[in-house]
$ cat coords.txt   # compact mmCIF, C-alpha atoms
# COMPACT_ATOMS: atom_id res chain seq x y z
CA MET A 1 0.00 0.00 0.00
CA GLN A 2 1.17 3.52 -0.80
CA LYS A 3 1.70 6.07 1.95
CA VAL A 4 -1.46 7.92 3.10
CA ILE A 5 -0.93 11.70 2.96
CA ASN A 6 -3.74 14.07 4.07
CA GLY A 7 -6.32 11.31 3.64
CA TRP A 8 -5.10 10.45 0.14
CA ALA A 9 -3.21 7.35 -1.02
CA ASN A 10 -2.29 6.48 -4.58
CA HIS A 11 -4.34 9.41 -5.92
CA ILE A 12 -7.52 8.29 -4.10
CA PRO A 13 -9.07 10.27 -1.20
CA ILE A 14 -10.58 8.27 1.69
CA ALA A 15 -13.63 10.60 1.58
CA GLY A 16 -14.25 9.54 -2.04
CA MET A 17 -14.23 5.87 -1.08
CA ILE A 18 -16.61 6.49 1.81
CA ILE A 19 -19.14 8.44 -0.23
CA GLU A 20 -19.13 5.88 -3.06
CA THR A 21 -19.65 3.11 -0.50
CA LEU A 22 -22.70 4.97 0.84
CA VAL A 23 -24.08 5.28 -2.71
CA VAL A 24 -23.52 1.54 -3.28
CA ILE A 25 -25.49 0.71 -0.12
CA ALA A 26 -28.30 3.12 -1.09
CA MET A 27 -28.60 1.86 -4.67
CA ALA A 28 -28.40 -1.82 -3.66
CA TYR A 29 -31.14 -1.23 -1.07
CA LEU A 30 -33.35 0.55 -3.59
CA SER A 31 -32.90 -2.14 -6.24
CA ALA A 32 -33.68 -4.86 -3.65
CA ARG A 33 -36.86 -3.07 -2.51
CA VAL A 34 -38.09 -2.63 -6.09
CA TYR A 35 -37.20 -6.27 -6.84
CA PHE A 36 -39.34 -7.41 -3.90
CA LYS A 37 -42.19 -5.37 -5.35
CA TYR A 38 -41.65 -7.21 -8.64
CA ARG A 39 -41.80 -10.57 -6.82
CA GLN A 40 -45.17 -9.54 -5.37
CA ARG A 41 -46.74 -7.86 -8.40
CA LYS A 42 -45.01 -9.56 -11.38
CA ARG A 43 -45.35 -6.51 -13.62
CA LYS A 44 -43.05 -5.74 -16.54
CA SER A 45 -42.58 -2.12 -15.46
CA THR A 46 -41.48 -3.17 -11.95
CA LEU A 47 -38.96 -5.57 -13.45
CA TYR A 48 -37.52 -2.85 -15.72
CA LEU A 49 -37.23 -0.46 -12.79
CA SER A 50 -35.66 -3.03 -10.52
CA LEU A 51 -33.08 -3.89 -13.21
CA THR A 52 -32.46 -0.16 -13.78
CA PHE A 53 -31.43 0.32 -10.15
CA PHE A 54 -29.60 -3.01 -10.13
CA SER A 55 -27.47 -1.91 -13.11
CA TYR A 56 -26.77 1.45 -11.48
CA ALA A 57 -25.80 -0.36 -8.29
CA ILE A 58 -23.42 -2.71 -10.16
CA GLY A 59 -21.86 0.30 -11.92
CA VAL A 60 -21.29 2.13 -8.64
CA ILE A 61 -19.94 -1.08 -7.05
CA PHE A 62 -17.29 -1.29 -9.80
CA SER A 63 -16.40 2.37 -9.36
CA ALA A 64 -16.15 2.04 -5.55
CA VAL A 65 -14.40 -1.35 -5.36
CA PHE A 66 -11.64 -0.35 -7.78
CA LYS A 67 -11.07 2.86 -5.82
CA TYR A 68 -10.40 0.64 -2.79
CA VAL A 69 -8.15 -1.58 -4.94
CA GLN A 70 -6.13 1.41 -6.09
CA PHE A 71 -6.02 2.89 -2.59
CA PHE A 72 -4.52 -0.30 -1.15
CA SER A 73 -2.48 -1.23 -4.22
CA ASN A 74 1.31 -1.20 -4.14
CA ALA A 75 1.50 -0.24 -7.81
CA PRO A 76 1.42 3.55 -8.34
CA TYR A 77 -1.67 4.90 -10.14
CA THR A 78 0.53 6.13 -13.01
CA THR A 79 1.39 2.50 -13.82
CA ILE A 80 -1.83 0.65 -13.00
CA ASN A 81 -4.88 2.86 -12.64
CA TRP A 82 -7.60 0.68 -11.12
CA SER A 83 -9.86 3.67 -10.56
CA ASN A 84 -10.09 4.37 -14.30
CA PHE A 85 -10.77 0.68 -14.90
CA GLY A 86 -13.69 0.79 -12.42
CA ILE A 87 -15.11 4.04 -13.86
CA THR A 88 -15.14 2.77 -17.46
CA ILE A 89 -16.99 -0.38 -16.39
CA ALA A 90 -19.37 1.78 -14.31
CA TYR A 91 -20.32 3.72 -17.45
CA ILE A 92 -21.07 0.46 -19.27
CA PHE A 93 -23.52 -0.59 -16.55
CA SER A 94 -24.99 2.92 -16.39
CA SER A 95 -25.67 2.72 -20.15
CA ILE A 96 -27.48 -0.59 -19.59
CA SER A 97 -29.57 1.03 -16.87
CA ASN A 98 -30.36 3.88 -19.29
CA CYS A 99 -31.99 1.35 -21.65
CA LEU A 100 -33.97 -0.18 -18.80
CA LEU A 101 -35.07 3.21 -17.49
CA PHE A 102 -36.36 4.09 -20.95
CA ALA A 103 -38.18 0.75 -21.17
CA PHE A 104 -39.82 1.59 -17.81
CA ILE A 105 -40.83 5.09 -19.05
CA ASN A 106 -42.30 3.58 -22.21
CA GLU A 107 -44.19 0.90 -20.28
CA VAL A 108 -45.75 3.31 -17.78
CA PHE A 109 -46.09 6.64 -19.59
CA LEU A 110 -45.63 6.40 -23.35
CA ASN A 111 -47.05 3.01 -24.43
CA TRP A 112 -45.53 3.46 -27.88
CA GLY A 113 -44.66 -0.15 -28.51
CA ASP A 114 -41.17 -1.57 -28.85
CA THR A 115 -39.69 0.64 -31.59
CA LEU A 116 -38.67 3.56 -29.38
CA PRO A 117 -37.10 1.59 -26.49
CA VAL A 118 -35.31 -0.68 -28.98
CA SER A 119 -33.91 2.36 -30.87
CA PHE A 120 -32.84 3.93 -27.58
CA SER A 121 -31.19 0.67 -26.54
CA ILE A 122 -29.32 0.49 -29.86
CA LEU A 123 -27.89 3.98 -29.25
CA ASN A 124 -26.81 2.94 -25.75
CA GLY A 125 -25.44 -0.31 -27.19
CA ILE A 126 -23.31 1.69 -29.61
CA THR A 127 -22.01 3.79 -26.68
CA ILE A 128 -21.15 0.60 -24.77
CA GLY A 129 -19.43 -0.78 -27.88
CA LEU A 130 -17.32 2.38 -28.10
CA ILE A 131 -16.36 2.28 -24.39
CA ILE A 132 -15.49 -1.45 -24.16
CA PRO A 133 -12.19 -1.27 -26.16
CA HIS A 134 -10.95 1.37 -23.69
CA VAL A 135 -11.58 -0.66 -20.55
CA SER A 136 -8.06 -0.84 -19.16
CA THR A 137 -5.90 0.10 -16.19
CA SER A 138 -3.92 2.65 -18.17
CA LYS A 139 -3.59 6.17 -16.75
CA ASP A 140 -5.42 7.78 -19.69
CA ALA A 141 -8.25 5.21 -19.97
CA TYR A 142 -10.84 7.67 -18.64
CA SER A 143 -9.75 10.58 -20.82
CA LYS A 144 -10.08 8.30 -23.88
CA ILE A 145 -13.73 7.52 -23.14
CA ILE A 146 -14.79 11.14 -22.42
CA PRO A 147 -16.35 11.68 -25.91
CA PHE A 148 -18.42 8.49 -25.45
CA VAL A 149 -19.35 9.56 -21.93
CA GLY A 150 -20.68 12.69 -23.66
CA ILE A 151 -23.01 10.52 -25.78
CA TYR A 152 -24.01 8.62 -22.64
CA VAL A 153 -24.79 11.88 -20.82
CA ILE A 154 -26.94 13.10 -23.76
CA LEU A 155 -28.90 9.82 -23.75
CA THR A 156 -29.32 10.02 -19.97
CA LEU A 157 -30.54 13.60 -20.32
CA ILE A 158 -33.12 12.54 -22.92
CA ALA A 159 -34.46 9.71 -20.73
CA SER A 160 -34.44 11.84 -17.57
CA LEU A 161 -36.11 14.84 -19.22
CA ILE A 162 -38.88 12.65 -20.61
CA LEU A 163 -39.34 11.15 -17.13
CA ILE A 164 -39.42 14.60 -15.49
CA VAL A 165 -41.88 16.16 -17.96
CA LEU A 166 -44.28 13.20 -17.98
CA SER A 167 -44.16 12.73 -14.20
CA PHE A 168 -44.95 16.35 -13.41
CA LYS A 169 -47.66 16.35 -16.07
CA GLU A 170 -49.24 13.29 -14.43
CA ALA A 171 -48.91 14.89 -10.98
CA LYS A 172 -50.73 17.98 -12.25
CA LYS A 173 -53.46 15.87 -13.83
CA SER A 174 -54.05 13.65 -10.79
CA GLU A 175 -56.74 14.60 -8.31
CA GLU A 176 -55.85 11.88 -5.84
CA LYS A 177 -53.11 12.53 -3.26
CA LEU A 178 -51.17 9.29 -3.80
CA PRO A 179 -50.36 9.68 -7.53
CA LYS A 180 -49.92 13.44 -7.12
CA ILE A 181 -47.15 12.99 -4.54
CA GLY A 182 -45.73 9.85 -6.16
CA PHE A 183 -45.32 11.43 -9.59
CA LYS A 184 -43.82 14.61 -8.11
CA LEU A 185 -41.20 12.51 -6.31
CA ILE A 186 -40.45 10.55 -9.48
CA GLY A 187 -40.00 13.87 -11.32
CA ALA A 188 -37.69 15.08 -8.54
CA TYR A 189 -35.73 11.81 -8.90
CA GLY A 190 -35.23 12.64 -12.60
CA ILE A 191 -34.01 16.16 -11.77
CA ALA A 192 -31.55 14.80 -9.20
CA LEU A 193 -30.32 12.25 -11.75
CA ILE A 194 -29.55 15.04 -14.23
CA LEU A 195 -27.77 17.06 -11.52
CA VAL A 196 -25.54 14.06 -10.72
CA PHE A 197 -24.13 14.21 -14.25
CA VAL A 198 -23.95 18.00 -14.30
CA PHE A 199 -21.73 17.85 -11.21
CA PHE A 200 -19.59 15.05 -12.65
CA ILE A 201 -19.10 17.02 -15.87
CA LEU A 202 -18.05 20.07 -13.84
CA ASP A 203 -15.67 17.87 -11.84
CA ALA A 204 -14.11 16.43 -15.00
CA TYR A 205 -13.88 19.89 -16.61
CA LEU A 206 -12.19 21.47 -13.58
CA GLY A 207 -9.83 18.51 -13.19
CA ALA A 208 -8.78 18.79 -16.82
CA SER A 209 -8.51 22.55 -17.15
CA VAL A 210 -7.68 24.12 -13.77
CA GLU A 211 -4.21 23.50 -12.36
CA ILE A 212 -5.18 23.44 -8.66
CA PHE A 213 -7.84 20.78 -9.38
CA LYS A 214 -5.58 18.56 -11.49
CA ASN A 215 -5.85 15.72 -8.95
CA GLY A 216 -9.60 15.55 -9.61
CA PHE A 217 -12.04 14.79 -6.79
CA THR A 218 -13.17 18.43 -6.69
CA VAL A 219 -16.11 19.62 -4.64
CA PHE A 220 -18.34 18.74 -7.63
CA TYR A 221 -17.33 15.08 -7.39
CA TYR A 222 -18.72 15.02 -3.83
CA LEU A 223 -21.76 17.09 -4.80
CA GLY A 224 -22.41 14.58 -7.60
CA TRP A 225 -22.47 11.63 -5.21
CA ILE A 226 -24.44 13.54 -2.56
CA THR A 227 -27.03 14.30 -5.27
CA ALA A 228 -27.01 10.59 -6.17
CA ILE A 229 -27.94 9.82 -2.55
CA ILE A 230 -30.68 12.48 -2.72
CA SER A 231 -31.94 10.93 -5.97
CA PHE A 232 -32.03 7.58 -4.14
CA LEU A 233 -34.24 9.15 -1.46
CA PHE A 234 -36.64 10.59 -4.05
CA GLY A 235 -36.63 7.28 -5.92
CA TYR A 236 -37.24 5.29 -2.74
CA LEU A 237 -40.16 7.46 -1.65
CA GLY A 238 -41.61 7.94 -5.14
CA TYR A 239 -41.32 4.42 -6.53
CA VAL A 240 -41.42 2.22 -3.43
CA MET A 241 -43.75 4.39 -1.28
CA PRO A 242 -42.86 2.63 1.99
CA PRO A 243 -45.73 2.11 4.48
CA TRP A 244 -44.32 4.58 7.04
CA PHE A 245 -44.27 7.28 4.32
CA ARG A 246 -47.88 6.54 3.33
CA ASN A 247 -48.95 6.70 6.98
CA PHE A 248 -47.03 9.93 7.49
CA LEU A 249 -48.87 11.56 4.58
CA ASN A 250 -52.19 9.78 5.23
CA LEU A 251 -52.12 8.23 1.74
CA MET B 1 -70.56 6.90 -17.30
CA ILE B 2 -72.70 5.87 -14.33
CA ARG B 3 -76.26 7.08 -14.98
CA SER B 4 -77.96 5.83 -11.84
CA ILE B 5 -77.57 3.79 -8.67
CA TYR B 6 -80.49 2.00 -7.02
CA VAL B 7 -80.62 0.62 -3.50
CA ILE B 8 -83.67 -1.65 -3.62
CA SER B 9 -85.48 -3.31 -0.73
CA ARG B 10 -86.29 -7.04 -0.72
CA ASN B 11 -89.82 -6.16 -1.85
CA GLY B 12 -88.62 -4.22 -4.86
CA ILE B 13 -89.13 -0.74 -3.40
CA PRO B 14 -86.43 1.85 -4.17
CA LEU B 15 -84.83 2.89 -0.85
CA TYR B 16 -82.42 5.30 -2.43
CA VAL B 17 -81.95 6.36 -6.05
CA TYR B 18 -79.09 8.38 -7.47
CA ASN B 19 -79.74 9.81 -10.93
CA LEU B 20 -77.26 11.69 -13.03
CA ASP B 21 -80.03 13.75 -14.65
CA THR B 22 -81.23 15.61 -11.60
CA GLU B 23 -83.43 17.89 -13.71
CA GLU B 24 -85.93 15.22 -14.62
CA ASP B 25 -88.47 13.62 -12.31
CA HIS B 26 -87.58 9.95 -12.07
CA VAL B 27 -89.98 8.77 -9.37
CA THR B 28 -92.21 6.66 -11.63
CA GLU B 29 -89.28 5.37 -13.67
CA SER B 30 -87.28 4.49 -10.53
CA THR B 31 -90.17 2.67 -8.93
CA LEU B 32 -90.84 0.68 -12.09
CA PHE B 33 -87.17 -0.10 -12.60
CA SER B 34 -86.73 -1.29 -8.99
CA GLY B 35 -89.79 -3.51 -9.33
CA VAL B 36 -88.53 -5.02 -12.57
CA ILE B 37 -85.08 -5.71 -11.10
CA SER B 38 -86.61 -7.31 -8.05
CA ALA B 39 -88.93 -9.40 -10.23
CA ILE B 40 -86.07 -10.59 -12.44
CA GLN B 41 -84.07 -11.61 -9.38
CA THR B 42 -87.03 -13.40 -7.81
CA VAL B 43 -87.99 -15.26 -10.99
CA LEU B 44 -84.43 -16.39 -11.69
CA ALA B 45 -84.03 -17.50 -8.07
CA GLU B 46 -87.34 -19.39 -8.25
CA ILE B 47 -86.33 -21.37 -11.32
CA ALA B 48 -82.88 -21.95 -9.75
CA ALA B 49 -81.15 -20.15 -12.61
CA GLY B 50 -78.86 -18.28 -10.23
CA GLN B 51 -78.61 -14.60 -9.41
CA PRO B 52 -78.26 -12.30 -12.45
CA LYS B 53 -75.07 -10.21 -12.32
CA SER B 54 -75.63 -7.91 -15.27
CA PHE B 55 -77.66 -7.38 -18.41
CA THR B 56 -77.37 -5.04 -21.36
CA THR B 57 -79.97 -3.05 -23.28
CA SER B 58 -79.33 -1.07 -26.46
CA THR B 59 -78.55 2.04 -24.39
CA ASN B 60 -77.57 0.86 -20.92
CA GLU B 61 -75.65 -1.78 -19.05
CA VAL B 62 -77.13 -2.79 -15.70
CA PHE B 63 -75.01 -4.36 -12.95
CA LEU B 64 -76.75 -6.15 -10.10
CA GLU B 65 -75.69 -7.40 -6.70
CA ALA B 66 -77.88 -8.84 -3.99
CA ALA B 67 -77.05 -8.46 -0.29
CA ASP B 68 -78.94 -10.19 2.54
CA ASP B 69 -81.77 -7.66 2.85
CA PHE B 70 -81.40 -5.39 -0.13
CA ALA B 71 -80.19 -5.30 -3.73
CA LEU B 72 -78.01 -2.85 -5.56
CA ALA B 73 -78.30 -1.92 -9.23
CA ILE B 74 -75.93 0.33 -11.13
CA VAL B 75 -76.93 1.59 -14.56
CA THR B 76 -74.14 2.70 -16.89
CA ASP B 77 -74.30 4.25 -20.34
CA ALA B 78 -73.54 1.52 -22.87
CA ARG B 79 -73.00 3.95 -25.74
CA GLY B 80 -70.51 6.51 -24.42
CA GLU B 81 -67.27 6.24 -22.48
CA LYS B 82 -67.30 2.84 -20.76
CA PHE B 83 -66.64 2.32 -17.08
CA GLU B 84 -64.26 -0.52 -16.28
CA GLU B 85 -66.14 -3.49 -14.89
CA GLU B 86 -63.60 -3.84 -12.11
CA ILE B 87 -64.37 -0.29 -10.90
CA ILE B 88 -68.12 -1.00 -10.98
CA LYS B 89 -67.62 -4.20 -8.99
CA SER B 90 -65.51 -2.48 -6.36
CA LEU B 91 -68.07 0.36 -6.19
CA MET B 92 -70.84 -2.18 -5.56
CA SER B 93 -68.81 -4.02 -2.99
CA GLU B 94 -67.98 -0.77 -1.18
CA ILE B 95 -71.60 0.43 -1.08
CA ILE B 96 -72.82 -2.96 0.19
CA THR B 97 -70.10 -3.12 2.85
CA GLN B 98 -70.72 0.44 4.02
CA ILE B 99 -74.50 -0.11 4.21
CA GLY B 100 -73.85 -3.31 6.15
CA PHE B 101 -71.65 -1.40 8.62
CA THR B 102 -74.08 1.50 9.01
CA PHE B 103 -77.46 -0.24 9.18
CA SER B 104 -78.22 -3.18 11.42
CA SER B 105 -81.11 -4.13 9.10
CA ILE B 106 -82.78 -2.72 6.02
CA PRO B 107 -86.61 -2.60 6.12
CA ASP B 108 -88.63 -4.34 3.42
CA HIS B 109 -90.61 -1.14 2.83
CA ASN B 110 -89.37 2.37 2.32
CA LEU B 111 -89.62 3.35 5.98
CA LEU B 112 -86.23 4.88 6.44
CA THR B 113 -86.03 7.99 8.57
CA GLU B 114 -84.76 11.23 7.11
CA GLU B 115 -81.45 10.70 8.91
CA GLU B 116 -81.16 7.15 7.55
CA ASN B 117 -81.91 8.42 4.05
CA LYS B 118 -79.14 10.97 4.46
CA GLN B 119 -76.73 8.25 5.63
CA LEU B 120 -77.62 6.13 2.60
CA GLU B 121 -77.11 9.09 0.30
CA ASP B 122 -73.71 9.84 1.89
CA ILE B 123 -72.58 6.24 1.43
CA VAL B 124 -73.62 6.15 -2.23
CA MET B 125 -72.23 9.58 -3.09
CA LYS B 126 -68.86 9.04 -1.34
CA SER B 127 -68.39 5.65 -3.01
CA LEU B 128 -69.43 7.08 -6.37
CA LYS B 129 -66.95 9.95 -6.04
CA LYS B 130 -64.17 7.46 -5.35
CA ALA B 131 -65.18 5.35 -8.37
CA ASN B 132 -65.26 8.43 -10.60
CA HIS B 133 -61.74 9.33 -9.42
CA ARG B 134 -60.51 5.86 -10.31
CA HIS B 135 -62.20 6.04 -13.70
CA HIS B 136 -60.68 9.40 -14.57
CA GLU B 137 -57.19 8.73 -13.30
CA SER B 138 -54.64 8.30 -16.04
CA ILE B 139 -53.28 5.07 -17.43
CA ALA B 140 -49.87 5.95 -15.94
CA ALA B 141 -51.32 6.32 -12.44
CA LYS B 142 -53.20 3.04 -12.83
CA LYS B 143 -50.04 1.27 -13.99
CA MET B 144 -47.98 2.71 -11.13
CA LYS B 145 -50.62 1.63 -8.59
CA ASP B 146 -50.71 -1.78 -10.16
CA ALA B 147 -46.94 -2.21 -10.37
CA LEU B 148 -45.49 -0.32 -7.41
CA TRP B 149 -47.85 1.68 -5.21

$ encode --input "coords.txt" --output "structure tokens"
Amino acid sequence: MQKVINGWANHIPIAGMIIETLVVIAMAYLSARVYFKYRQRKRKSTLYLSLTFFSYAIGVIFSAVFKYVQFFSNAPYTTINWSNFGITIAYIFSSISNCLLFAFINEVFLNWGDTLPVSFSILNGITIGLIIPHVSTSKDAYSKIIPFVGIYVILTLIASLILIVLSFKEAKKSEEKLPKIGFKLIGAYGIALILVFVFFILDAYLGASVEIFKNGFTVFYYLGWITAIISFLFGYLGYVMPPWFRNFLNL
Amino acid sequence: MIRSIYVISRNGIPLYVYNLDTEEDHVTESTLFSGVISAIQTVLAEIAAGQPKSFTTSTNEVFLEAADDFALAIVTDARGEKFEEEIIKSLMSEIITQIGFTFSSIPDHNLLTEEENKQLEDIVMKSLKKANHRHHESIAAKKMKDALW
């Protein structure tokens, strides 16, 4: 293991590992709760949503685990960069969850048949195909996939914006309290999801262009993950609607 | 659309009638309708053909449910926007349950007090409001309720 200086070892801050671990726990919990709903209800939309969160969780697990690997590794990050390896794999799983999220949106809100989700999945598949050759432990692995991450972000924005617009529209239309609150929370989940990527883009931009942030892990990196935890909360309350939350709001 | 709801005594007398067209006088029509429903139920029970659950005319669809001491009939418009059968069934079940909770027994003749009539009206109108909400809620809300909520 490399020497720990000011909470950093081998280019990885302990705080970064902690926050990613928290996100892993949150996402795994959410995907398990939605999966249990699927076991009870056996609906296609519940399955898509459960797999969406499951794929996100797997992605974050890769990102977090390989940060630990790099932190405790003897090899310097300039030689073997495990963190970049984890991040590239995380984007692959996030692209898969993008497809599943769109399938969920189509199943619940759009009902446009298979053409649109299949086309959206093909675009995500192309993004995955472009990222896969760059999955490596080299120091510049992440910088090589940045253009493809751009495509991924655009696709995520499309899916999230559709989710936000349709959810708030449904909330406005609903007269009953339960769907009104549920759809608003789902819309808020979509907004938080977009903010996660806005913060990560800002983090990557600052890391690449501002000298004092060249080590990465800027404040936006932490804001990104904190927003991911907030999105988990919105998702948990909006999609799962736990009994204590229903009782609290008299739903 | 639900046009009318009838709570009918065992003797075929309308105990409470909800009509969508409040402008018109439906007393004769309601009394005749309740009698016919009661007669149909009695005849079918007599010949051991079982209780009728619904029947359709060229303009209306009539759903029937018999409780221990009264019967319930819901008339929907068969031509316009259709109500889901599942919503009608849960509306019937709710009205019957609520009446069962509120009244210890229902008289064979229309001898309900003013207060009892008001209670009956409240039960029917509250249940109907809930059913209308369910009918008008969007497909997305229905799917979310079905899949997650």

$ closest_residue --input "coords.txt" --among "B:Glu116, B:Glu84, B:Asp108, B:Asp146" --to "Asn132 (chain B)" --atoms "only C-alpha atoms"
B:Glu84

$ closest_atom_pairs --input "coords.txt" --of "chain B" --to "chain A" --cutoff "7 Å" --atoms "all atoms listed in the file" --output "JSON lines"
{"residue": "B:Glu137", "atom": "CA", "partner": "A:Ser174", "partner_atom": "CA", "distance": 6.4}
{"residue": "B:Ala140", "atom": "CA", "partner": "A:Val108", "partner_atom": "CA", "distance": 5.2}
{"residue": "B:Ala141", "atom": "CA", "partner": "A:Pro179", "partner_atom": "CA", "distance": 6.0}
{"residue": "B:Lys143", "atom": "CA", "partner": "A:Val108", "partner_atom": "CA", "distance": 6.1}
{"residue": "B:Ala147", "atom": "CA", "partner": "A:Arg43", "partner_atom": "CA", "distance": 5.6}
{"residue": "B:Leu148", "atom": "CA", "partner": "A:Val240", "partner_atom": "CA", "distance": 6.2}
{"residue": "B:Trp149", "atom": "CA", "partner": "A:Met241", "partner_atom": "CA", "distance": 6.3}

$ axis_aligned_box --input "coords.txt" --around "region 63-82 of chain B" --padding-each-side "5 Å" --output "JSON"
{"center_x": -74.5, "center_y": -1.8, "center_z": -11.4, "size_x": 24.5, "size_y": 26.7, "size_z": 38.6}

$ residues_around --input "coords.txt" --residues "region 151-163 of chain A" --least-positions-apart "2" --cutoff "8 Å" --atoms "all atoms listed in the file" --output "NGL selection string"
:A and (95 or 98 or 101-102 or 105 or 124 or 127 or 147-149 or 165-167 or 186-187 or 190-191 or 193-194 or 197)

$ atom_distance --input "coords.txt" --atom1 "CA of Ser105 (chain B)" --atom2 "CA of Phe33 (chain B)"
22.9 Å

$ atom_distance --input "coords.txt" --atom1 "CA of Met17 (chain A)" --atom2 "CA of Ala75 (chain A)"
18.2 Å

$ residues_around --input "coords.txt" --residues "region 119-121 of chain B" --least-positions-apart "3" --cutoff "9 Å" --atoms "all atoms listed in the file" --output "PDB file with C-alpha atoms, keeping the file's coordinate frame"
ATOM      1  CA  VAL B   7     -80.620   0.620  -3.500  1.00  0.00           C
ATOM      2  CA  LEU B  15     -84.830   2.890  -0.850  1.00  0.00           C
ATOM      3  CA  TYR B  16     -82.420   5.300  -2.430  1.00  0.00           C
ATOM      4  CA  VAL B  17     -81.950   6.360  -6.050  1.00  0.00           C
ATOM      5  CA  TYR B  18     -79.090   8.380  -7.470  1.00  0.00           C
ATOM      6  CA  ILE B  99     -74.500  -0.110   4.210  1.00  0.00           C
ATOM      7  CA  THR B 102     -74.080   1.500   9.010  1.00  0.00           C
ATOM      8  CA  GLU B 114     -84.760  11.230   7.110  1.00  0.00           C
ATOM      9  CA  GLU B 115     -81.450  10.700   8.910  1.00  0.00           C
ATOM     10  CA  GLU B 116     -81.160   7.150   7.550  1.00  0.00           C
ATOM     11  CA  VAL B 124     -73.620   6.150  -2.230  1.00  0.00           C
ATOM     12  CA  MET B 125     -72.230   9.580  -3.090  1.00  0.00           C
ATOM     13  CA  LYS B 126     -68.860   9.040  -1.340  1.00  0.00           C
TER      14      LYS B 126
END

$ closest_residue --input "coords.txt" --among "A:Thr88, A:Thr137, A:Gln70, A:Thr52" --to "Met1 (chain A)" --atoms "only C-alpha atoms"
A:Gln70

$ closest_residue --input "coords.txt" --among "B:Leu32, B:Ala39, B:Ala131, B:Ala71" --to "Arg10 (chain B)" --atoms "all atoms listed in the file"
B:Ala71

$ residues_near_point --input "coords.txt" --point "(-90.6, -10.8, -5.9)" --cutoff "7 Å" --atoms "only C-alpha atoms" --output "JSON, numbers by chain"
{"B": [11, 12, 38, 39, 42]}

$ closest_residue --input "coords.txt" --among "B:Arg3, B:Lys142, B:Asp21, B:Gly50" --to "Lys82 (chain B)" --atoms "all atoms listed in the file"
B:Arg3

$ residues_near_point --input "coords.txt" --point "(-9.9, 3.6, -19.7)" --cutoff "10 Å" --atoms "all atoms listed in the file" --output "list in words"
Asn81, Trp82, Ser83, Asn84, Phe85, Gly86, Ile87, Thr88, Ile89, Ile131, Ile132, Pro133, His134, Val135, Ser136, Thr137, Ser138, Lys139, Asp140, Ala141, Tyr142, Ser143, Lys144, Ile145 and Ile146 of chain A

$ atom_distance --input "coords.txt" --atom1 "CA of Met27 (chain A)" --atom2 "CA of Phe245 (chain A)"
18.9 Å

$ closest_residue --input "coords.txt" --among "B:Phe70, B:Phe83, B:Phe55, B:Phe63" --to "His136 (chain B)" --atoms "all atoms listed in the file"
B:Phe83

$ build_atoms --input "coords.txt" --residues "region 38-50 of chain B" --atoms "N, CA and C atoms" --output "PDB file, keeping the file's coordinate frame"
ATOM      1  N   SER B  38     -86.236  -6.388  -9.112  1.00  0.00           N
ATOM      2  CA  SER B  38     -86.610  -7.310  -8.050  1.00  0.00           C
ATOM      3  C   SER B  38     -87.312  -8.540  -8.632  1.00  0.00           C
ATOM      4  N   ALA B  39     -88.200  -8.290  -9.618  1.00  0.00           N
ATOM      5  CA  ALA B  39     -88.930  -9.400 -10.230  1.00  0.00           C
ATOM      6  C   ALA B  39     -87.976 -10.339 -10.973  1.00  0.00           C
ATOM      7  N   ILE B  40     -87.048  -9.762 -11.704  1.00  0.00           N
ATOM      8  CA  ILE B  40     -86.070 -10.590 -12.440  1.00  0.00           C
ATOM      9  C   ILE B  40     -85.306 -11.478 -11.455  1.00  0.00           C
ATOM     10  N   GLN B  41     -84.850 -10.849 -10.359  1.00  0.00           N
ATOM     11  CA  GLN B  41     -84.070 -11.610  -9.380  1.00  0.00           C
ATOM     12  C   GLN B  41     -84.906 -12.726  -8.760  1.00  0.00           C
ATOM     13  N   THR B  42     -86.164 -12.400  -8.441  1.00  0.00           N
ATOM     14  CA  THR B  42     -87.030 -13.400  -7.810  1.00  0.00           C
ATOM     15  C   THR B  42     -87.310 -14.558  -8.767  1.00  0.00           C
ATOM     16  N   VAL B  43     -87.661 -14.210 -10.013  1.00  0.00           N
ATOM     17  CA  VAL B  43     -87.990 -15.260 -10.990  1.00  0.00           C
ATOM     18  C   VAL B  43     -86.781 -16.180 -11.212  1.00  0.00           C
ATOM     19  N   LEU B  44     -85.610 -15.570 -11.422  1.00  0.00           N
ATOM     20  CA  LEU B  44     -84.430 -16.390 -11.690  1.00  0.00           C
ATOM     21  C   LEU B  44     -84.065 -17.257 -10.476  1.00  0.00           C
ATOM     22  N   ALA B  45     -84.305 -16.707  -9.278  1.00  0.00           N
ATOM     23  CA  ALA B  45     -84.030 -17.500  -8.070  1.00  0.00           C
ATOM     24  C   ALA B  45     -85.015 -18.645  -7.962  1.00  0.00           C
ATOM     25  N   GLU B  46     -86.288 -18.376  -8.317  1.00  0.00           N
ATOM     26  CA  GLU B  46     -87.340 -19.390  -8.250  1.00  0.00           C
ATOM     27  C   GLU B  46     -87.041 -20.576  -9.161  1.00  0.00           C
ATOM     28  N   ILE B  47     -86.585 -20.270 -10.370  1.00  0.00           N
ATOM     29  CA  ILE B  47     -86.330 -21.370 -11.320  1.00  0.00           C
ATOM     30  C   ILE B  47     -84.894 -21.897 -11.169  1.00  0.00           C
ATOM     31  N   ALA B  48     -84.242 -21.497 -10.086  1.00  0.00           N
ATOM     32  CA  ALA B  48     -82.880 -21.950  -9.750  1.00  0.00           C
ATOM     33  C   ALA B  48     -81.887 -21.676 -10.876  1.00  0.00           C
ATOM     34  N   ALA B  49     -82.071 -20.517 -11.523  1.00  0.00           N
ATOM     35  CA  ALA B  49     -81.150 -20.150 -12.610  1.00  0.00           C
ATOM     36  C   ALA B  49     -79.958 -19.340 -12.095  1.00  0.00           C
ATOM     37  N   GLY B  50     -79.967 -19.054 -10.801  1.00  0.00           N
ATOM     38  CA  GLY B  50     -78.860 -18.280 -10.230  1.00  0.00           C
ATOM     39  C   GLY B  50     -79.150 -16.784 -10.275  1.00  0.00           C
TER      40      GLY B  50
END
